$ cat final.cif   # mmCIF, C-alpha atoms
data_target
#
loop_
_atom_site.group_PDB
_atom_site.id
_atom_site.type_symbol
_atom_site.label_atom_id
_atom_site.label_comp_id
_atom_site.auth_asym_id
_atom_site.auth_seq_id
_atom_site.Cartn_x
_atom_site.Cartn_y
_atom_site.Cartn_z
ATOM 1 C CA MET A 1 82.423 92.608 135.708
ATOM 2 C CA ILE A 2 78.757 93.509 135.347
ATOM 3 C CA ARG A 3 76.779 90.567 133.934
ATOM 4 C CA PRO A 4 74.161 91.157 131.231
ATOM 5 C CA ARG A 5 70.530 90.855 132.320
ATOM 6 C CA LYS A 6 67.370 90.658 130.260
ATOM 7 C CA TRP A 7 66.550 94.300 131.042
ATOM 8 C CA LEU A 8 70.201 95.394 130.835
ATOM 9 C CA PRO A 9 71.689 93.576 127.810
ATOM 10 C CA MET A 10 74.867 95.689 127.544
ATOM 11 C CA PRO A 11 75.749 96.997 131.011
ATOM 12 C CA LEU A 12 78.996 98.712 130.027
ATOM 13 C CA LEU A 13 77.246 100.535 127.193
ATOM 14 C CA SER A 14 74.538 101.624 129.634
ATOM 15 C CA VAL A 15 77.111 103.002 132.064
ATOM 16 C CA LEU A 16 78.872 104.806 129.200
ATOM 17 C CA LEU A 17 75.568 106.282 127.969
ATOM 18 C CA LEU A 18 74.732 107.542 131.453
ATOM 19 C CA ILE A 19 78.171 109.155 131.854
ATOM 20 C CA VAL A 20 77.998 110.781 128.413
ATOM 21 C CA TRP A 21 74.472 112.053 129.163
ATOM 22 C CA LEU A 22 75.570 113.623 132.436
ATOM 23 C CA LEU A 23 78.568 115.226 130.732
ATOM 24 C CA LEU A 24 76.392 116.619 127.948
ATOM 25 C CA MET A 25 73.916 118.028 130.454
ATOM 26 C CA ASN A 26 76.795 119.604 132.389
ATOM 27 C CA GLY A 27 75.106 118.848 135.684
ATOM 28 C CA VAL A 28 74.226 116.124 138.145
ATOM 29 C CA ALA A 29 70.690 117.097 139.124
ATOM 30 C CA LEU A 30 68.261 114.307 139.994
ATOM 31 C CA GLY A 31 66.324 114.892 136.756
ATOM 32 C CA HIS A 32 69.478 114.406 134.695
ATOM 33 C CA TRP A 33 70.220 111.146 136.527
ATOM 34 C CA LEU A 34 66.674 109.850 136.030
ATOM 35 C CA LEU A 35 66.452 110.713 132.333
ATOM 36 C CA GLY A 36 70.019 109.531 131.697
ATOM 37 C CA GLY A 37 69.332 106.267 133.533
ATOM 38 C CA PHE A 38 66.131 105.753 131.556
ATOM 39 C CA LEU A 39 67.953 106.329 128.254
ATOM 40 C CA ALA A 40 70.864 104.133 129.373
ATOM 41 C CA ILE A 41 68.428 101.243 129.836
ATOM 42 C CA VAL A 42 66.087 101.855 126.880
ATOM 43 C CA ILE A 43 68.644 102.564 124.117
ATOM 44 C CA PRO A 44 70.496 99.215 124.513
ATOM 45 C CA LEU A 45 67.164 97.368 124.691
ATOM 46 C CA ILE A 46 65.979 98.949 121.445
ATOM 47 C CA THR A 47 69.281 98.490 119.603
ATOM 48 C CA LYS A 48 70.006 94.941 120.883
ATOM 49 C CA PRO A 49 68.766 93.197 117.704
ATOM 50 C CA PHE A 50 71.313 95.127 115.630
ATOM 51 C CA TRP A 51 74.343 94.179 117.735
ATOM 52 C CA GLU A 52 76.459 91.200 116.803
ATOM 53 C CA ALA A 53 77.498 88.852 119.592
ATOM 54 C CA GLN A 54 80.882 89.972 120.926
ATOM 55 C CA PRO A 55 83.557 87.307 121.290
ATOM 56 C CA ARG A 56 85.025 86.722 124.701
ATOM 57 C CA ILE A 57 88.546 87.964 125.303
ATOM 58 C CA LYS A 58 90.342 84.778 126.334
ATOM 59 C CA LYS A 59 93.667 86.393 127.261
ATOM 60 C CA PRO A 60 93.151 89.967 128.531
ATOM 61 C CA TRP A 61 96.834 90.490 129.414
ATOM 62 C CA LEU A 62 97.671 89.958 125.729
ATOM 63 C CA MET A 63 95.114 92.652 124.872
ATOM 64 C CA VAL A 64 97.003 95.110 127.081
ATOM 65 C CA ARG A 65 100.276 94.182 125.381
ATOM 66 C CA TYR A 66 98.592 94.513 121.975
ATOM 67 C CA PHE A 67 97.326 97.989 122.902
ATOM 68 C CA PHE A 68 100.813 99.226 123.775
ATOM 69 C CA ARG A 69 102.301 97.593 120.671
ATOM 70 C CA VAL A 70 99.773 99.417 118.456
ATOM 71 C CA LEU A 71 100.418 102.676 120.327
ATOM 72 C CA LEU A 72 104.164 102.360 119.709
ATOM 73 C CA ASP A 73 103.579 101.456 116.053
ATOM 74 C CA ILE A 74 101.367 104.532 115.616
ATOM 75 C CA VAL A 75 104.150 106.795 116.905
ATOM 76 C CA VAL A 76 106.787 105.142 114.698
ATOM 77 C CA ALA A 77 104.491 105.165 111.633
ATOM 78 C CA ASN A 78 103.768 108.874 112.197
ATOM 79 C CA LEU A 79 107.485 109.601 111.962
ATOM 80 C CA GLU A 80 107.886 107.404 108.869
ATOM 81 C CA ALA A 81 104.837 108.927 107.136
ATOM 82 C CA SER A 82 106.102 112.432 107.936
ATOM 83 C CA LYS A 83 109.441 111.568 106.360
ATOM 84 C CA VAL A 84 107.713 110.307 103.190
ATOM 85 C CA ILE A 85 105.390 113.317 102.969
ATOM 86 C CA LEU A 86 108.158 115.867 103.565
ATOM 87 C CA ASP A 87 110.566 114.226 101.092
ATOM 88 C CA PRO A 88 111.313 116.973 98.530
ATOM 89 C CA LEU A 89 111.951 114.403 95.784
ATOM 90 C CA GLY A 90 108.602 112.662 96.348
ATOM 91 C CA ARG A 91 109.949 109.117 96.369
ATOM 92 C CA ALA A 92 106.852 107.530 97.870
ATOM 93 C CA ARG A 93 105.929 104.088 96.542
ATOM 94 C CA PRO A 94 102.182 103.754 97.160
ATOM 95 C CA ALA A 95 100.467 100.443 96.516
ATOM 96 C CA PHE A 96 97.286 98.501 97.050
ATOM 97 C CA VAL A 97 98.012 95.218 98.801
ATOM 98 C CA GLU A 98 95.637 92.284 99.062
ATOM 99 C CA TYR A 99 96.227 90.755 102.495
ATOM 100 C CA PRO A 100 95.034 87.153 103.032
ATOM 101 C CA LEU A 101 93.187 86.816 106.340
ATOM 102 C CA GLU A 102 93.489 83.911 108.743
ATOM 103 C CA LEU A 103 91.006 85.441 111.198
ATOM 104 C CA GLN A 104 87.417 84.154 111.018
ATOM 105 C CA GLU A 105 85.547 86.199 113.650
ATOM 106 C CA ASN A 106 83.990 89.443 112.400
ATOM 107 C CA PHE A 107 85.009 91.332 115.531
ATOM 108 C CA ALA A 108 88.652 90.229 115.255
ATOM 109 C CA ILE A 109 88.710 91.173 111.554
ATOM 110 C CA THR A 110 87.272 94.571 112.462
ATOM 111 C CA MET A 111 89.974 95.027 115.116
ATOM 112 C CA LEU A 112 92.668 94.166 112.566
ATOM 113 C CA ALA A 113 91.228 96.516 109.928
ATOM 114 C CA SER A 114 90.905 99.309 112.506
ATOM 115 C CA THR A 115 94.476 98.779 113.695
ATOM 116 C CA ILE A 116 95.757 98.976 110.127
ATOM 117 C CA THR A 117 93.765 102.157 109.506
ATOM 118 C CA LEU A 118 94.930 103.741 112.781
ATOM 119 C CA THR A 119 98.542 103.277 111.749
ATOM 120 C CA PRO A 120 99.552 106.299 109.629
ATOM 121 C CA GLY A 121 100.482 105.426 106.075
ATOM 122 C CA THR A 122 98.041 102.521 105.780
ATOM 123 C CA VAL A 123 94.291 102.330 105.240
ATOM 124 C CA SER A 124 92.017 99.290 105.153
ATOM 125 C CA ALA A 125 90.133 99.899 101.922
ATOM 126 C CA HIS A 126 87.947 96.830 101.382
ATOM 127 C CA LEU A 127 87.045 93.471 102.909
ATOM 128 C CA ARG A 128 85.901 90.783 100.501
ATOM 129 C CA MET A 129 82.380 89.539 101.028
ATOM 130 C CA ASP A 130 83.660 86.041 101.846
ATOM 131 C CA GLY A 131 86.030 87.532 104.457
ATOM 132 C CA THR A 132 89.178 85.962 103.022
ATOM 133 C CA THR A 133 91.183 89.045 102.060
ATOM 134 C CA LEU A 134 91.561 92.642 103.128
ATOM 135 C CA LEU A 135 92.574 95.297 100.605
ATOM 136 C CA ILE A 136 95.063 97.743 102.143
ATOM 137 C CA HIS A 137 96.379 100.982 100.681
ATOM 138 C CA VAL A 138 99.959 101.673 101.726
ATOM 139 C CA LEU A 139 101.599 105.084 101.361
ATOM 140 C CA ASP A 140 105.143 103.746 100.973
ATOM 141 C CA VAL A 141 106.112 100.084 100.637
ATOM 142 C CA ASP A 142 109.438 98.492 99.618
ATOM 143 C CA ASP A 143 108.582 94.811 99.850
ATOM 144 C CA ILE A 144 104.934 93.718 99.831
ATOM 145 C CA GLY A 145 105.779 90.273 101.231
ATOM 146 C CA ASP A 146 107.642 91.853 104.135
ATOM 147 C CA MET A 147 104.700 94.153 104.838
ATOM 148 C CA LYS A 148 102.309 91.157 104.893
ATOM 149 C CA ARG A 149 104.600 89.309 107.302
ATOM 150 C CA HIS A 150 104.789 92.433 109.489
ATOM 151 C CA ILE A 151 100.973 92.699 109.709
ATOM 152 C CA HIS A 152 100.646 88.989 110.400
ATOM 153 C CA GLU A 153 103.287 88.871 113.146
ATOM 154 C CA ARG A 154 102.493 92.163 114.894
ATOM 155 C CA TYR A 155 98.709 92.295 114.598
ATOM 156 C CA GLU A 156 96.880 89.253 113.241
ATOM 157 C CA ARG A 157 98.643 86.522 115.227
ATOM 158 C CA PRO A 158 98.205 88.337 118.578
ATOM 159 C CA LEU A 159 94.505 88.909 117.782
ATOM 160 C CA LYS A 160 94.115 85.180 117.108
ATOM 161 C CA GLU A 161 95.646 84.487 120.527
ATOM 162 C CA ILE A 162 93.555 87.116 122.317
ATOM 163 C CA PHE A 163 90.249 85.853 120.943
ATOM 164 C CA GLU A 164 91.385 82.232 120.379
ATOM 165 C CA CYS A 165 89.829 82.049 116.952
#
$ encode --input "final.cif" --output "structure tokens"
Amino acid sequence: MIRPRKWLPMPLLSVLLLIVWLLLMNGVALGHWLLGGFLAIVIPLITKPFWEAQPRIKKPWLMVRYFFRVLLDIVVANLEASKVILDPLGRARPAFVEYPLELQENFAITMLASTITLTPGTVSAHLRMDGTTLLIHVLDVDDIGDMKRHIHERYERPLKEIFEC
């Protein structure tokens, strides 16, 4: 892994910026490399004060497993949401659910909220200022307690293990 340096605070971001620049320019001329390299170094330096410190991933193999779990859940939730939307009788039971958070790290909370929003049929609507609860809108829910347990077991607990927070 590329280690951060004083002049290169976010190396992976710099590499990504350079690649995106070259793709946008649709060429690999020396001038594109030089300007892209310059921007890839300068932009992270300028924006560094605005970035929050990223937590270390303590168990990367769990992150891979989490990724595939979320991918599978997205496919299943797409099918379930389609069934609810296409129901001619319109028997959807939408609800706002206040989910109590155990996570403390901002990055882990953001990952959880993003995962919930990526899953069709659910949207993270609001995070309390004190970071204790997340308001979630659900398209169709039978049992709110069961839904909370599902989020905790499938998403929040693995994120706590991945980031050890």
$ residues_around --input "final.cif" --residues "Lys83 of chain A" --least-positions-apart "4" --cutoff "12 Å" --atoms "only C-alpha atoms" --output "list in words"
Val76, Ala77, Asn78, Leu79, Asp87, Pro88, Leu89, Gly90, Arg91, Ala92, Pro120, Gly121, Leu139 and Asp140 of chain A
$ axis_aligned_box --input "final.cif" --around "segment 62-66 of chain A" --padding-each-side "4 Å" --output "lines of an AutoDock Vina configuration file"
center_x = 97.7
center_y = 92.5
center_z = 124.5
size_x = 13.2
size_y = 13.2
size_z = 13.1
$ closest_residue --input "final.cif" --among "A:Leu159, A:Leu13, A:Glu164, A:Lys48" --to "Met63 of chain A" --atoms "all atoms listed in the file"
A:Leu159
$ atom_distance --input "final.cif" --atom1 "atom CA of Leu127 of chain A" --atom2 "atom CA of Phe107 of chain A"
13.0 Å
$ closest_residue --input "final.cif" --among "A:Ile116, A:Met147, A:Val28, A:Ala108" --to "Gly131 of chain A" --atoms "all atoms listed in the file"
A:Ala108
$ atom_distance --input "final.cif" --atom1 "atom CA of Thr119 of chain A" --atom2 "atom CA of Val70 of chain A"
7.8 Å
$ resolve_selection --input "final.cif" --expression "the PyMOL selection byres ((chain A and resi 95) around 6)" --output "list of chain:residue names"
A:Pro94, A:Phe96, A:His137, A:Val138
$ resolve_selection --input "final.cif" --expression "the PyMOL selection byres ((chain A and resi 6) around 12)" --output "ChimeraX atom specification"
/A:3-5,7-11,41-42,44-45,48
$ atom_distance --input "final.cif" --atom1 "atom CA of Asp146 of chain A" --atom2 "atom CA of Phe67 of chain A"
22.3 Å
$ resolve_selection --input "final.cif" --expression "the PyMOL selection byres ((chain A and resi 21) around 10)" --output "compact mmCIF listing (two decimals) with C-alpha atoms, in the coordinates of the input"
# COMPACT_ATOMS: atom_id res chain seq x y z
CA VAL A 15 77.11 103.00 132.06
CA LEU A 16 78.87 104.81 129.20
CA LEU A 17 75.57 106.28 127.97
CA LEU A 18 74.73 107.54 131.45
CA ILE A 19 78.17 109.16 131.85
CA VAL A 20 78.00 110.78 128.41
CA LEU A 22 75.57 113.62 132.44
CA LEU A 23 78.57 115.23 130.73
CA LEU A 24 76.39 116.62 127.95
CA MET A 25 73.92 118.03 130.45
CA ASN A 26 76.80 119.60 132.39
CA GLY A 27 75.11 118.85 135.68
CA VAL A 28 74.23 116.12 138.15
CA HIS A 32 69.48 114.41 134.70
CA TRP A 33 70.22 111.15 136.53
CA LEU A 35 66.45 110.71 132.33
CA GLY A 36 70.02 109.53 131.70
CA GLY A 37 69.33 106.27 133.53
CA LEU A 39 67.95 106.33 128.25
CA ALA A 40 70.86 104.13 129.37
$ closest_residue --input "final.cif" --among "A:Gln54, A:Thr117, A:Ser14, A:Thr133" --to "Leu101 of chain A" --atoms "all atoms listed in the file"
A:Thr133
$ closest_residue --input "final.cif" --among "A:Asn106, A:Lys160, A:Leu72, A:Arg65" --to "Trp51 of chain A" --atoms "all atoms listed in the file"
A:Asn106
$ decode --input "final.cif" --residues "segment 33-48 of chain A" --atoms "all heavy atoms" --output "JSON list (two decimals), in the first residue's frame"
[["chain", "number", "residue", "atom", "x", "y", "z"],
["A", 33, "TRP", "N", -0.19, 13.91, -18.97],
["A", 33, "TRP", "CA", 0.41, 13.29, -17.79],
["A", 33, "TRP", "C", 0.93, 14.35, -16.82],
["A", 33, "TRP", "O", 0.74, 14.23, -15.61],
["A", 33, "TRP", "CB", 1.55, 12.35, -18.19],
["A", 33, "TRP", "CG", 1.08, 11.00, -18.62],
["A", 33, "TRP", "CD1", 0.80, 10.59, -19.88],
["A", 33, "TRP", "CD2", 0.83, 9.87, -17.78],
["A", 33, "TRP", "NE1", 0.39, 9.29, -19.89],
["A", 33, "TRP", "CE2", 0.41, 8.81, -18.60],
["A", 33, "TRP", "CE3", 0.93, 9.63, -16.42],
["A", 33, "TRP", "CZ2", 0.07, 7.56, -18.10],
["A", 33, "TRP", "CZ3", 0.60, 8.39, -15.93],
["A", 33, "TRP", "CH2", 0.18, 7.37, -16.76],
["A", 34, "LEU", "N", 1.61, 15.36, -17.35],
["A", 34, "LEU", "CA", 2.19, 16.40, -16.49],
["A", 34, "LEU", "C", 1.10, 17.20, -15.78],
["A", 34, "LEU", "O", 1.17, 17.41, -14.56],
["A", 34, "LEU", "CB", 3.09, 17.32, -17.30],
["A", 34, "LEU", "CG", 4.40, 16.69, -17.80],
["A", 34, "LEU", "CD1", 5.14, 17.67, -18.70],
["A", 34, "LEU", "CD2", 5.26, 16.26, -16.62],
["A", 35, "LEU", "N", 0.10, 17.67, -16.53],
["A", 35, "LEU", "CA", -0.96, 18.44, -15.91],
["A", 35, "LEU", "C", -1.79, 17.57, -14.96],
["A", 35, "LEU", "O", -2.14, 18.00, -13.86],
["A", 35, "LEU", "CB", -1.86, 19.07, -16.98],
["A", 35, "LEU", "CG", -2.95, 20.01, -16.45],
["A", 35, "LEU", "CD1", -2.37, 21.13, -15.60],
["A", 35, "LEU", "CD2", -3.75, 20.58, -17.61],
["A", 36, "GLY", "N", -2.09, 16.36, -15.36],
["A", 36, "GLY", "CA", -2.83, 15.44, -14.49],
["A", 36, "GLY", "C", -2.06, 15.12, -13.22],
["A", 36, "GLY", "O", -2.63, 15.08, -12.13],
["A", 37, "GLY", "N", -0.75, 14.90, -13.34],
["A", 37, "GLY", "CA", 0.08, 14.65, -12.17],
["A", 37, "GLY", "C", 0.13, 15.85, -11.23],
["A", 37, "GLY", "O", 0.06, 15.71, -10.01],
["A", 38, "PHE", "N", 0.24, 17.04, -11.83],
["A", 38, "PHE", "CA", 0.24, 18.27, -11.03],
["A", 38, "PHE", "C", -1.07, 18.40, -10.26],
["A", 38, "PHE", "O", -1.07, 18.66, -9.05],
["A", 38, "PHE", "CB", 0.46, 19.48, -11.94],
["A", 38, "PHE", "CG", 0.32, 20.80, -11.24],
["A", 38, "PHE", "CD1", 1.32, 21.26, -10.40],
["A", 38, "PHE", "CD2", -0.82, 21.57, -11.40],
["A", 38, "PHE", "CE1", 1.19, 22.47, -9.73],
["A", 38, "PHE", "CE2", -0.96, 22.78, -10.74],
["A", 38, "PHE", "CZ", 0.05, 23.23, -9.90],
["A", 39, "LEU", "N", -2.20, 18.21, -10.95],
["A", 39, "LEU", "CA", -3.50, 18.31, -10.28],
["A", 39, "LEU", "C", -3.69, 17.21, -9.24],
["A", 39, "LEU", "O", -4.28, 17.43, -8.19],
["A", 39, "LEU", "CB", -4.63, 18.24, -11.32],
["A", 39, "LEU", "CG", -4.74, 19.44, -12.25],
["A", 39, "LEU", "CD1", -5.77, 19.18, -13.34],
["A", 39, "LEU", "CD2", -5.07, 20.71, -11.48],
["A", 40, "ALA", "N", -3.17, 16.02, -9.52],
["A", 40, "ALA", "CA", -3.29, 14.89, -8.60],
["A", 40, "ALA", "C", -2.51, 15.13, -7.30],
["A", 40, "ALA", "O", -2.84, 14.55, -6.27],
["A", 40, "ALA", "CB", -2.82, 13.61, -9.27],
["A", 41, "ILE", "N", -1.51, 15.99, -7.36],
["A", 41, "ILE", "CA", -0.75, 16.33, -6.15],
["A", 41, "ILE", "C", -1.36, 17.55, -5.46],
["A", 41, "ILE", "O", -1.52, 17.59, -4.25],
["A", 41, "ILE", "CB", 0.74, 16.57, -6.49],
["A", 41, "ILE", "CG1", 1.38, 15.24, -6.90],
["A", 41, "ILE", "CG2", 1.48, 17.16, -5.30],
["A", 41, "ILE", "CD1", 2.78, 15.38, -7.46],
["A", 42, "VAL", "N", -1.72, 18.57, -6.23],
["A", 42, "VAL", "CA", -2.18, 19.83, -5.67],
["A", 42, "VAL", "C", -3.59, 19.73, -5.07],
["A", 42, "VAL", "O", -3.83, 20.26, -3.97],
["A", 42, "VAL", "CB", -2.12, 20.95, -6.73],
["A", 42, "VAL", "CG1", -2.80, 22.21, -6.25],
["A", 42, "VAL", "CG2", -0.68, 21.24, -7.09],
["A", 43, "ILE", "N", -4.51, 19.07, -5.73],
["A", 43, "ILE", "CA", -5.90, 19.00, -5.23],
["A", 43, "ILE", "C", -5.97, 18.35, -3.84],
["A", 43, "ILE", "O", -6.59, 18.91, -2.93],
["A", 43, "ILE", "CB", -6.83, 18.32, -6.25],
["A", 43, "ILE", "CG1", -7.01, 19.24, -7.46],
["A", 43, "ILE", "CG2", -8.18, 17.97, -5.63],
["A", 43, "ILE", "CD1", -7.78, 18.62, -8.61],
["A", 44, "PRO", "N", -5.33, 17.21, -3.59],
["A", 44, "PRO", "CA", -5.36, 16.66, -2.23],
["A", 44, "PRO", "C", -4.68, 17.56, -1.20],
["A", 44, "PRO", "O", -5.12, 17.62, -0.05],
["A", 44, "PRO", "CB", -4.63, 15.32, -2.35],
["A", 44, "PRO", "CG", -4.82, 14.92, -3.76],
["A", 44, "PRO", "CD", -4.78, 16.21, -4.54],
["A", 45, "LEU", "N", -3.62, 18.26, -1.60],
["A", 45, "LEU", "CA", -2.96, 19.17, -0.66],
["A", 45, "LEU", "C", -3.89, 20.31, -0.26],
["A", 45, "LEU", "O", -3.94, 20.70, 0.91],
["A", 45, "LEU", "CB", -1.68, 19.74, -1.27],
["A", 45, "LEU", "CG", -0.47, 18.82, -1.30],
["A", 45, "LEU", "CD1", 0.68, 19.46, -2.07],
["A", 45, "LEU", "CD2", -0.02, 18.48, 0.11],
["A", 46, "ILE", "N", -4.62, 20.85, -1.22],
["A", 46, "ILE", "CA", -5.52, 21.97, -0.94],
["A", 46, "ILE", "C", -6.73, 21.52, -0.12],
["A", 46, "ILE", "O", -7.18, 22.22, 0.78],
["A", 46, "ILE", "CB", -5.98, 22.64, -2.26],
["A", 46, "ILE", "CG1", -4.80, 23.32, -2.93],
["A", 46, "ILE", "CG2", -7.10, 23.63, -2.02],
["A", 46, "ILE", "CD1", -5.09, 23.82, -4.33],
["A", 47, "THR", "N", -7.25, 20.34, -0.42],
["A", 47, "THR", "CA", -8.47, 19.87, 0.25],
["A", 47, "THR", "C", -8.19, 19.09, 1.53],
["A", 47, "THR", "O", -9.15, 18.73, 2.24],
["A", 47, "THR", "CB", -9.30, 18.98, -0.70],
["A", 47, "THR", "OG1", -8.53, 17.84, -1.07],
["A", 47, "THR", "CG2", -9.74, 19.76, -1.92],
["A", 48, "LYS", "N", -6.95, 18.86, 1.89],
["A", 48, "LYS", "CA", -6.60, 18.07, 3.08],
["A", 48, "LYS", "C", -7.26, 18.57, 4.37],
["A", 48, "LYS", "O", -7.74, 17.77, 5.16],
["A", 48, "LYS", "CB", -5.08, 18.00, 3.24],
["A", 48, "LYS", "CG", -4.66, 17.14, 4.40],
["A", 48, "LYS", "CD", -3.16, 17.11, 4.54],
["A", 48, "LYS", "CE", -2.78, 16.30, 5.76],
["A", 48, "LYS", "NZ", -1.36, 16.35, 6.02]]
